[in-house]
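Below: target_10.cif (mmCIF, C-alpha atoms)
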data_structure
#
loop_
_atom_site.label_atom_id
_atom_site.label_comp_id
_atom_site.auth_asym_id
_atom_site.auth_seq_id
_atom_site.Cartn_x
_atom_site.Cartn_y
_atom_site.Cartn_z
CA MET O 1 4.46 14.76 20.66
CA SER O 2 3.05 12.38 18.04
CA PHE O 3 -0.66 11.65 17.78
CA ARG O 4 -2.25 8.32 16.74
CA ARG O 5 -5.86 7.63 15.83
CA GLU O 6 -7.82 4.83 14.19
CA VAL O 7 -10.24 5.71 11.41
CA VAL O 8 -12.75 3.66 9.41
CA ILE O 9 -12.32 4.88 5.83
CA GLY O 10 -15.09 2.79 4.26
CA HIS O 11 -16.72 -0.62 4.14
CA THR O 12 -16.27 -3.69 1.98
CA VAL O 13 -18.81 -5.34 -0.31
CA LEU O 14 -19.96 -7.44 2.67
CA GLY O 15 -20.10 -4.45 5.00
CA ARG O 16 -16.88 -5.01 6.93
CA PRO O 17 -14.97 -1.88 8.02
CA ILE O 18 -11.77 -0.88 6.24
CA GLU O 19 -9.55 0.56 8.94
CA ALA O 20 -6.71 3.05 8.79
CA VAL O 21 -4.25 4.23 11.41
CA HIS O 22 -3.17 7.87 11.25
CA PHE O 23 0.04 9.14 12.84
CA THR O 24 1.07 12.75 13.09
CA PRO O 25 4.83 13.36 13.28
CA ALA O 26 6.65 14.42 16.40
CA GLU O 27 6.64 18.17 17.04
CA TYR O 28 10.34 18.47 16.27
CA ALA O 29 10.08 16.85 12.81
CA LYS O 30 10.62 18.97 9.72
CA SER O 31 7.66 19.65 7.48
CA ARG O 32 7.29 16.86 4.91
CA ALA O 33 4.54 15.76 2.53
CA PRO O 34 2.17 13.07 3.89
CA ALA O 35 2.71 9.38 3.22
CA LEU O 36 0.17 6.60 2.75
CA LEU O 37 0.95 2.89 3.03
CA PHE O 38 -1.59 0.19 2.26
CA GLY O 39 -1.60 -3.57 1.89
CA ALA O 40 -3.67 -6.67 1.16
CA ILE O 41 -5.48 -5.16 -1.81
CA HIS O 42 -5.25 -8.79 -2.94
CA GLY O 43 -6.81 -11.06 -0.35
CA ASP O 44 -4.41 -13.95 -0.94
CA GLU O 45 -1.46 -11.79 0.19
CA PRO O 46 -2.08 -11.61 3.96
CA VAL O 47 1.61 -11.11 4.71
CA ALA O 48 1.15 -7.52 3.51
CA GLN O 49 -1.39 -6.88 6.26
CA MET O 50 0.90 -8.37 8.89
CA MET O 51 3.84 -6.19 7.83
CA LEU O 52 1.86 -2.97 8.02
CA GLU O 53 0.32 -3.92 11.37
CA ARG O 54 3.84 -4.46 12.69
CA LEU O 55 4.86 -1.06 11.36
CA ALA O 56 1.85 0.63 12.96
CA ASP O 57 2.69 -1.00 16.29
CA GLU O 58 6.25 0.26 16.09
CA LEU O 59 5.23 3.82 15.25
CA VAL O 60 3.41 4.10 18.59
CA GLU O 61 6.75 4.19 20.42
CA ARG O 62 8.87 5.56 17.58
CA PRO O 63 6.70 8.08 15.70
CA PRO O 64 7.24 8.77 12.01
CA GLY O 65 8.98 11.81 10.58
CA ARG O 66 5.96 12.81 8.50
CA ASP O 67 2.19 12.67 8.59
CA THR O 68 1.52 8.97 7.93
CA TRP O 69 -1.59 6.96 7.07
CA ILE O 70 -1.49 3.15 7.18
CA VAL O 71 -4.25 0.92 5.80
CA PRO O 72 -3.06 -2.61 6.63
CA CYS O 73 -5.88 -4.40 4.81
CA VAL O 74 -7.90 -2.96 1.92
CA ASN O 75 -9.53 -6.20 0.76
CA VAL O 76 -10.88 -7.44 4.09
CA ASP O 77 -13.44 -9.80 2.53
CA GLY O 78 -10.79 -11.33 0.28
CA VAL O 79 -8.33 -11.90 3.13
CA LEU O 80 -10.96 -13.67 5.21
CA ALA O 81 -11.99 -15.81 2.23
CA GLY O 82 -8.42 -16.43 1.06
CA THR O 83 -9.18 -15.07 -2.42
CA ARG O 84 -7.24 -12.62 -4.56
CA ASN O 85 -10.37 -10.74 -5.58
CA ASN O 86 -13.03 -9.07 -3.46
CA ALA O 87 -16.50 -10.46 -2.71
CA ASN O 88 -17.70 -9.28 -6.14
CA ASP O 89 -14.83 -11.25 -7.73
CA VAL O 90 -13.14 -8.02 -8.86
CA ASP O 91 -9.37 -7.58 -8.81
CA LEU O 92 -9.18 -4.29 -6.93
CA ASN O 93 -5.78 -3.48 -8.41
CA ARG O 94 -7.35 -3.42 -11.88
CA ASN O 95 -10.32 -1.27 -10.79
CA PHE O 96 -8.71 2.20 -10.66
CA ALA O 97 -9.76 4.93 -13.07
CA SER O 98 -6.61 5.15 -15.16
CA ALA O 99 -6.65 5.61 -18.93
CA SER O 100 -5.75 1.92 -19.24
CA TRP O 101 -8.71 0.64 -17.18
CA GLY O 102 -10.43 -2.37 -18.74
CA THR O 103 -7.78 -3.05 -21.38
CA ALA O 104 -5.74 -6.25 -21.71
CA ARG O 105 -8.24 -8.25 -19.66
CA ARG O 106 -6.48 -11.43 -18.58
CA PRO O 107 -8.41 -14.33 -17.02
CA GLY O 108 -8.76 -13.83 -13.27
CA TYR O 109 -8.01 -10.10 -13.43
CA ASN O 110 -11.60 -8.84 -13.57
CA PRO O 111 -11.46 -5.00 -13.60
CA GLY O 112 -15.12 -4.56 -12.61
CA ALA O 113 -18.08 -3.33 -14.63
CA ALA O 114 -16.81 0.26 -14.39
CA ALA O 115 -13.71 1.99 -13.06
CA GLU O 116 -13.81 2.48 -9.28
CA ASP O 117 -17.20 0.78 -8.93
CA GLN O 118 -16.02 -1.25 -5.92
CA PRO O 119 -16.43 0.10 -2.36
CA GLU O 120 -12.88 -0.86 -1.37
CA THR O 121 -11.42 1.06 -4.31
CA ARG O 122 -13.58 4.09 -3.56
CA ALA O 123 -12.53 4.07 0.09
CA LEU O 124 -8.88 4.31 -0.91
CA VAL O 125 -9.55 6.95 -3.57
CA GLU O 126 -11.56 9.10 -1.16
CA LEU O 127 -8.83 8.84 1.49
CA ILE O 128 -6.24 10.03 -1.01
CA ASP O 129 -8.48 12.91 -2.07
CA ARG O 130 -8.80 13.97 1.59
CA VAL O 131 -5.23 13.68 2.82
CA ALA O 132 -3.33 14.39 -0.43
CA PRO O 133 -0.28 12.17 0.12
CA GLU O 134 2.69 12.74 -2.15
CA ARG O 135 4.27 9.39 -1.22
CA VAL O 136 2.36 6.11 -1.47
CA VAL O 137 3.78 2.67 -0.71
CA THR O 138 1.70 -0.39 -1.50
CA VAL O 139 2.73 -3.75 -0.07
CA HIS O 140 2.20 -6.95 -2.06
CA ALA O 141 3.45 -10.55 -2.34
CA THR O 142 4.83 -12.89 -3.97
CA TYR O 143 7.56 -11.32 -6.04
CA ARG O 144 10.83 -10.24 -4.50
CA MET O 145 11.34 -6.68 -5.71
CA VAL O 146 10.76 -2.99 -5.16
CA ASN O 147 8.91 -1.49 -8.11
CA TRP O 148 8.07 2.15 -8.76
CA ASP O 149 5.73 4.39 -10.72
CA GLY O 150 5.74 8.15 -11.24
CA ARG O 151 8.37 9.88 -9.10
CA GLY O 152 9.09 6.77 -7.04
CA GLU O 153 12.43 5.64 -8.46
CA GLN O 154 14.72 7.22 -5.86
CA LEU O 155 12.63 6.00 -2.94
CA ALA O 156 12.37 2.52 -4.48
CA ARG O 157 16.14 2.30 -4.79
CA GLU O 158 16.64 3.53 -1.22
CA MET O 159 14.16 0.96 0.08
CA ALA O 160 15.78 -1.77 -2.04
CA GLU O 161 19.14 -1.05 -0.42
CA ARG O 162 17.57 -1.58 2.99
CA CYS O 163 15.65 -4.80 2.34
CA GLY O 164 18.03 -6.44 -0.14
CA TYR O 165 15.39 -6.83 -2.85
CA PRO O 166 16.15 -5.62 -6.39
CA ALA O 167 14.66 -2.33 -7.60
CA GLU O 168 12.75 -2.91 -10.84
CA ALA O 169 11.13 -0.38 -13.19
CA GLU O 170 8.71 -2.94 -14.64
CA MET O 171 6.61 -5.73 -13.18
CA GLY O 172 7.10 -7.81 -16.32
CA TYR O 173 3.45 -7.82 -17.38
CA PRO O 174 0.76 -5.18 -18.10
CA CYS O 175 -1.20 -3.75 -15.18
CA PRO O 176 -4.14 -1.82 -16.71
CA GLY O 177 -6.30 0.00 -14.20
CA SER O 178 -3.76 -0.48 -11.43
CA PHE O 179 -3.10 1.90 -8.56
CA GLY O 180 0.36 2.63 -9.94
CA ALA O 181 -1.01 3.41 -13.40
CA LYS O 182 -3.39 6.04 -12.02
CA TYR O 183 -1.45 7.63 -9.21
CA GLY O 184 2.12 7.13 -10.38
CA GLY O 185 1.95 7.08 -14.16
CA GLU O 186 -0.83 9.64 -14.62
CA ARG O 187 -0.76 11.80 -11.50
CA GLY O 188 2.99 11.71 -10.96
CA LEU O 189 2.99 10.82 -7.28
CA GLU O 190 5.90 9.03 -5.60
CA VAL O 191 4.48 5.49 -5.82
CA VAL O 192 6.43 2.42 -4.72
CA THR O 193 5.29 -1.21 -4.71
CA LEU O 194 7.11 -3.41 -2.19
CA GLU O 195 6.78 -7.06 -3.21
CA SER O 196 7.59 -9.56 -0.45
CA PRO O 197 8.37 -13.12 -1.59
CA TYR O 198 6.25 -14.61 1.19
CA MET O 199 2.66 -15.48 0.28
CA ILE O 200 1.48 -16.52 3.73
CA VAL O 201 2.01 -14.65 6.98
CA ASP O 202 5.69 -15.04 7.77
CA GLU O 203 7.70 -13.04 10.28
CA ARG O 204 10.70 -13.12 7.94
CA ALA O 205 8.91 -10.70 5.63
CA TRP O 206 8.70 -8.09 8.40
CA LEU O 207 12.28 -8.66 9.51
CA GLU O 208 13.56 -8.23 5.95
CA CYS O 209 11.45 -5.17 5.16
CA ARG O 210 11.22 -3.37 8.50
CA THR O 211 14.05 -0.93 7.83
CA ALA O 212 12.78 -0.16 4.32
CA LEU O 213 9.28 0.56 5.62
CA ARG O 214 10.63 2.75 8.40
CA TRP O 215 12.73 4.62 5.86
CA CYS O 216 9.74 5.63 3.74
CA VAL O 217 7.88 7.20 6.70
CA ASP O 218 10.90 8.85 8.29
CA LEU O 219 13.55 11.16 6.97
CA PRO O 220 13.98 11.19 3.18
#
Represent the supplied structure as structure tokens.
Amino acid sequence: MSFRREVVIGHTVLGRPIEAVHFTPAEYAKSRAPALLFGAIHGDEPVAQMMLERLADELVERPPGRDTWIVPCVNVDGVLAGTRNNANDVDLNRNFASASWGTARRPGYNPGAAAEDQPETRALVELIDRVAPERVVTVHATYRMVNWDGRGEQLAREMAERCGYPAEAEMGYPCPGSFGAKYGGERGLEVVTLESPYMIVDERAWLECRTALRWCVDLP
């Protein structure tokens, strides 16, 4: 029998809770490394939150094939304000402690005063340290692609087959201090970035990506 629980993994700059949903696999499932899925690290990409909430709802009746953590919304303050960055005006996906942190600073991509100095970033880092996922899928918008870092190529291609988006090795621009740079490029985890083309909440995003998201928490 699968088990589901809701956990607050940290709080935002403005004190709002960052919530995760944890699912244990069914008793008959084979032993597999844990998976973590998170979305809305950029507050102007609320469709990512919607997609992961839909997935969490579905896993209640159809449990995953592995231990699974879902954080639908990392940047809660940004989503509520409609801003890419958090309440400190930091781009959380440039705030991770990779070797590239703070380099190639483009306007609007503020990496913070120091690596992992934002509470939202630390909440995600501390969760990863606790649960040790080998597979991490991060959901973004507005590109239409499945990108990978580290050991994520095979999973990215499998997910791409199921959602119809192209699998791409590169985003097309530098991403210093990004989640993928730290956990894929440097730590060698299986990191996949699913980029939905829908900026606003749109049910088509879920319908297109549902099978791909199920795939990454189930059998492979």
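Near Arg4 (chain O), within 8 Å and counting only C-alpha atoms, sit Val21, His22, Phe23, Thr24 and Val60 of chain O; same-chain residues fewer than 3 positions away were not included.
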Could you check the closest approach to Leu194 (chain O) for each of O:Ala87, O:Ala123, O:Val47, O:Cys73 and tell me which residue wins, using all atoms listed in the file?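 Residue with the minimum atom-to-atom distance to Leu194 (chain O): O:Val47.
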If the PyMOL selection byres ((chain O and resi 171) around 12) were run on this exact file, what residues would it hold? Put them as a list of chain:residue names.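 Selection result, ordered by chain and number: O:Thr142, O:Tyr143, O:Arg144, O:Met145, O:Val146, O:Asn147, O:Trp148, O:Asp149, O:Pro166, O:Ala167, O:Glu168, O:Ala169, O:Glu170, O:Gly172, O:Tyr173, O:Pro174, O:Cys175, O:Pro176, O:Ser178, O:Gly180, O:Ala181, O:Val192, O:Thr193, O:Leu194, O:Glu195.
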Could you save those same residues with C-alpha atoms as a short mmCIF file (atom, residue, chain, number, x, y, z; two decimals), keeping the file's coordinate frame?
data_model
loop_
_atom_site.label_atom_id
_atom_site.label_comp_id
_atom_site.auth_asym_id
_atom_site.auth_seq_id
_atom_site.Cartn_x
_atom_site.Cartn_y
_atom_site.Cartn_z
CA THR O 142 4.83 -12.89 -3.97
CA TYR O 143 7.56 -11.32 -6.04
CA ARG O 144 10.83 -10.24 -4.50
CA MET O 145 11.34 -6.68 -5.71
CA VAL O 146 10.76 -2.99 -5.16
CA ASN O 147 8.91 -1.49 -8.11
CA TRP O 148 8.07 2.15 -8.76
CA ASP O 149 5.73 4.39 -10.72
CA PRO O 166 16.15 -5.62 -6.39
CA ALA O 167 14.66 -2.33 -7.60
CA GLU O 168 12.75 -2.91 -10.84
CA ALA O 169 11.13 -0.38 -13.19
CA GLU O 170 8.71 -2.94 -14.64
CA GLY O 172 7.10 -7.81 -16.32
CA TYR O 173 3.45 -7.82 -17.38
CA PRO O 174 0.76 -5.18 -18.10
CA CYS O 175 -1.20 -3.75 -15.18
CA PRO O 176 -4.14 -1.82 -16.71
CA SER O 178 -3.76 -0.48 -11.43
CA GLY O 180 0.36 2.63 -9.94
CA ALA O 181 -1.01 3.41 -13.40
CA VAL O 192 6.43 2.42 -4.72
CA THR O 193 5.29 -1.21 -4.71
CA LEU O 194 7.11 -3.41 -2.19
CA GLU O 195 6.78 -7.06 -3.21
#
Could you tell me, as a list in words, exactly which residues end up selected when the PyMOL selection byres ((chain O and resi 48-52) around 8) is applied to this structure? Leu37, Phe38, Gly39, Ala40, Glu45, Pro46, Val47, Glu53, Arg54, Leu55, Ala56, Ile70, Val71, Pro72, Cys73, Val139, His140, Ala141, Ser196, Val201, Ala205, Trp206 and Arg210 of chain O
How about saving the chosen residues, C-alpha atoms kept, as a PDB file, in the coordinates of the input?
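Contents of the output file result_0.pdb:
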ATOM      1  CA  LEU O  37       0.950   2.890   3.030  1.00  0.00           C
ATOM      2  CA  PHE O  38      -1.590   0.190   2.260  1.00  0.00           C
ATOM      3  CA  GLY O  39      -1.600  -3.570   1.890  1.00  0.00           C
ATOM      4  CA  ALA O  40      -3.670  -6.670   1.160  1.00  0.00           C
ATOM      5  CA  GLU O  45      -1.460 -11.790   0.190  1.00  0.00           C
ATOM      6  CA  PRO O  46      -2.080 -11.610   3.960  1.00  0.00           C
ATOM      7  CA  VAL O  47       1.610 -11.110   4.710  1.00  0.00           C
ATOM      8  CA  GLU O  53       0.320  -3.920  11.370  1.00  0.00           C
ATOM      9  CA  ARG O  54       3.840  -4.460  12.690  1.00  0.00           C
ATOM     10  CA  LEU O  55       4.860  -1.060  11.360  1.00  0.00           C
ATOM     11  CA  ALA O  56       1.850   0.630  12.960  1.00  0.00           C
ATOM     12  CA  ILE O  70      -1.490   3.150   7.180  1.00  0.00           C
ATOM     13  CA  VAL O  71      -4.250   0.920   5.800  1.00  0.00           C
ATOM     14  CA  PRO O  72      -3.060  -2.610   6.630  1.00  0.00           C
ATOM     15  CA  CYS O  73      -5.880  -4.400   4.810  1.00  0.00           C
ATOM     16  CA  VAL O 139       2.730  -3.750  -0.070  1.00  0.00           C
ATOM     17  CA  HIS O 140       2.200  -6.950  -2.060  1.00  0.00           C
ATOM     18  CA  ALA O 141       3.450 -10.550  -2.340  1.00  0.00           C
ATOM     19  CA  SER O 196       7.590  -9.560  -0.450  1.00  0.00           C
ATOM     20  CA  VAL O 201       2.010 -14.650   6.980  1.00  0.00           C
ATOM     21  CA  ALA O 205       8.910 -10.700   5.630  1.00  0.00           C
ATOM     22  CA  TRP O 206       8.700  -8.090   8.400  1.00  0.00           C
ATOM     23  CA  ARG O 210      11.220  -3.370   8.500  1.00  0.00           C
TER      24      ARG O 210
END
Which residue out of O:Leu155, O:Ile128, O:Ile41, O:Ala115 has the minimum interatomic distance to Asn93 (chain O) when all atoms listed in the file are used?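 For Asn93 (chain O), the nearest of the given residues is O:Ile41.
If only C-alpha atoms are the atoms counted, then among O:Tyr183, O:Tyr109, O:Trp215, O:Tyr198 the closest residue to Asp129 (chain O) is O:Tyr183.
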For CA of Arg106 (chain O) and CA of Asp89 (chain O), the interatomic separation in Å (one decimal):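 Here the two named atoms are 13.7 Å from each other.
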Starting from the displayed file, determine the output of the PyMOL selection byres ((chain O and resi 112) around 12) and express the residue list as a VMD selection string. chain O and resid 85 to 97 101 to 103 105 108 to 111 113 to 119 121 177
Write out the residues from the selection above, keeping C-alpha atoms, as a PDB file, in the frame of the given file.
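Writing done, so here's result_37.pdb:
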ATOM      1  CA  ASN O  85     -10.370 -10.740  -5.580  1.00  0.00           C
ATOM      2  CA  ASN O  86     -13.030  -9.070  -3.460  1.00  0.00           C
ATOM      3  CA  ALA O  87     -16.500 -10.460  -2.710  1.00  0.00           C
ATOM      4  CA  ASN O  88     -17.700  -9.280  -6.140  1.00  0.00           C
ATOM      5  CA  ASP O  89     -14.830 -11.250  -7.730  1.00  0.00           C
ATOM      6  CA  VAL O  90     -13.140  -8.020  -8.860  1.00  0.00           C
ATOM      7  CA  ASP O  91      -9.370  -7.580  -8.810  1.00  0.00           C
ATOM      8  CA  LEU O  92      -9.180  -4.290  -6.930  1.00  0.00           C
ATOM      9  CA  ASN O  93      -5.780  -3.480  -8.410  1.00  0.00           C
ATOM     10  CA  ARG O  94      -7.350  -3.420 -11.880  1.00  0.00           C
ATOM     11  CA  ASN O  95     -10.320  -1.270 -10.790  1.00  0.00           C
ATOM     12  CA  PHE O  96      -8.710   2.200 -10.660  1.00  0.00           C
ATOM     13  CA  ALA O  97      -9.760   4.930 -13.070  1.00  0.00           C
ATOM     14  CA  TRP O 101      -8.710   0.640 -17.180  1.00  0.00           C
ATOM     15  CA  GLY O 102     -10.430  -2.370 -18.740  1.00  0.00           C
ATOM     16  CA  THR O 103      -7.780  -3.050 -21.380  1.00  0.00           C
ATOM     17  CA  ARG O 105      -8.240  -8.250 -19.660  1.00  0.00           C
ATOM     18  CA  GLY O 108      -8.760 -13.830 -13.270  1.00  0.00           C
ATOM     19  CA  TYR O 109      -8.010 -10.100 -13.430  1.00  0.00           C
ATOM     20  CA  ASN O 110     -11.600  -8.840 -13.570  1.00  0.00           C
ATOM     21  CA  PRO O 111     -11.460  -5.000 -13.600  1.00  0.00           C
ATOM     22  CA  ALA O 113     -18.080  -3.330 -14.630  1.00  0.00           C
ATOM     23  CA  ALA O 114     -16.810   0.260 -14.390  1.00  0.00           C
ATOM     24  CA  ALA O 115     -13.710   1.990 -13.060  1.00  0.00           C
ATOM     25  CA  GLU O 116     -13.810   2.480  -9.280  1.00  0.00           C
ATOM     26  CA  ASP O 117     -17.200   0.780  -8.930  1.00  0.00           C
ATOM     27  CA  GLN O 118     -16.020  -1.250  -5.920  1.00  0.00           C
ATOM     28  CA  PRO O 119     -16.430   0.100  -2.360  1.00  0.00           C
ATOM     29  CA  THR O 121     -11.420   1.060  -4.310  1.00  0.00           C
ATOM     30  CA  GLY O 177      -6.300   0.000 -14.200  1.00  0.00           C
TER      31      GLY O 177
END
As a VMD selection string, please: the residues near Arg32 (chain O) (cut-off 12 Å, only C-alpha atoms, same-chain neighbours under 5 positions excluded). chain O and resid 24 to 26 64 to 68 133 to 135 216 to 220
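Each of O:Val74, O:Ile9, O:Leu59, O:Ala33 was checked against Arg214 (chain O) using all atoms listed in the file; the smallest atom-to-atom distance is that of O:Leu59.
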For Thr12 (chain O), which residue among O:His42, O:Glu120, O:Glu61, O:Tyr28 is the nearest when counting all atoms listed in the file? O:Glu120
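When CA of Phe3 (chain O) is paired with CA of Ala35 (chain O), their separation reads 15.1 Å.
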Please determine, counting all atoms listed in the file, which residue among O:Val191, O:Ala29, O:Val125, O:Val137 has the shortest atom-to-atom distance to Gly152 (chain O).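 Answer, going by the shortest atom-to-atom distance: O:Val191.
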Write out as a compact mmCIF listing (two decimals) with C-alpha atoms, in the coordinates of the input which residues come within 10 Å of Arg16 (chain O) when counting only C-alpha atoms, dropping same-chain ones fewer than 5 positions away.
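Generated output (out06.txt):
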# COMPACT_ATOMS: atom_id res chain seq x y z
CA VAL O 8 -12.75 3.66 9.41
CA GLY O 10 -15.09 2.79 4.26
CA HIS O 11 -16.72 -0.62 4.14
CA ASN O 75 -9.53 -6.20 0.76
CA VAL O 76 -10.88 -7.44 4.09
CA ASP O 77 -13.44 -9.80 2.53
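One finds CA of Thr138 (chain O) at 19.4 Å from CA of Ser100 (chain O).
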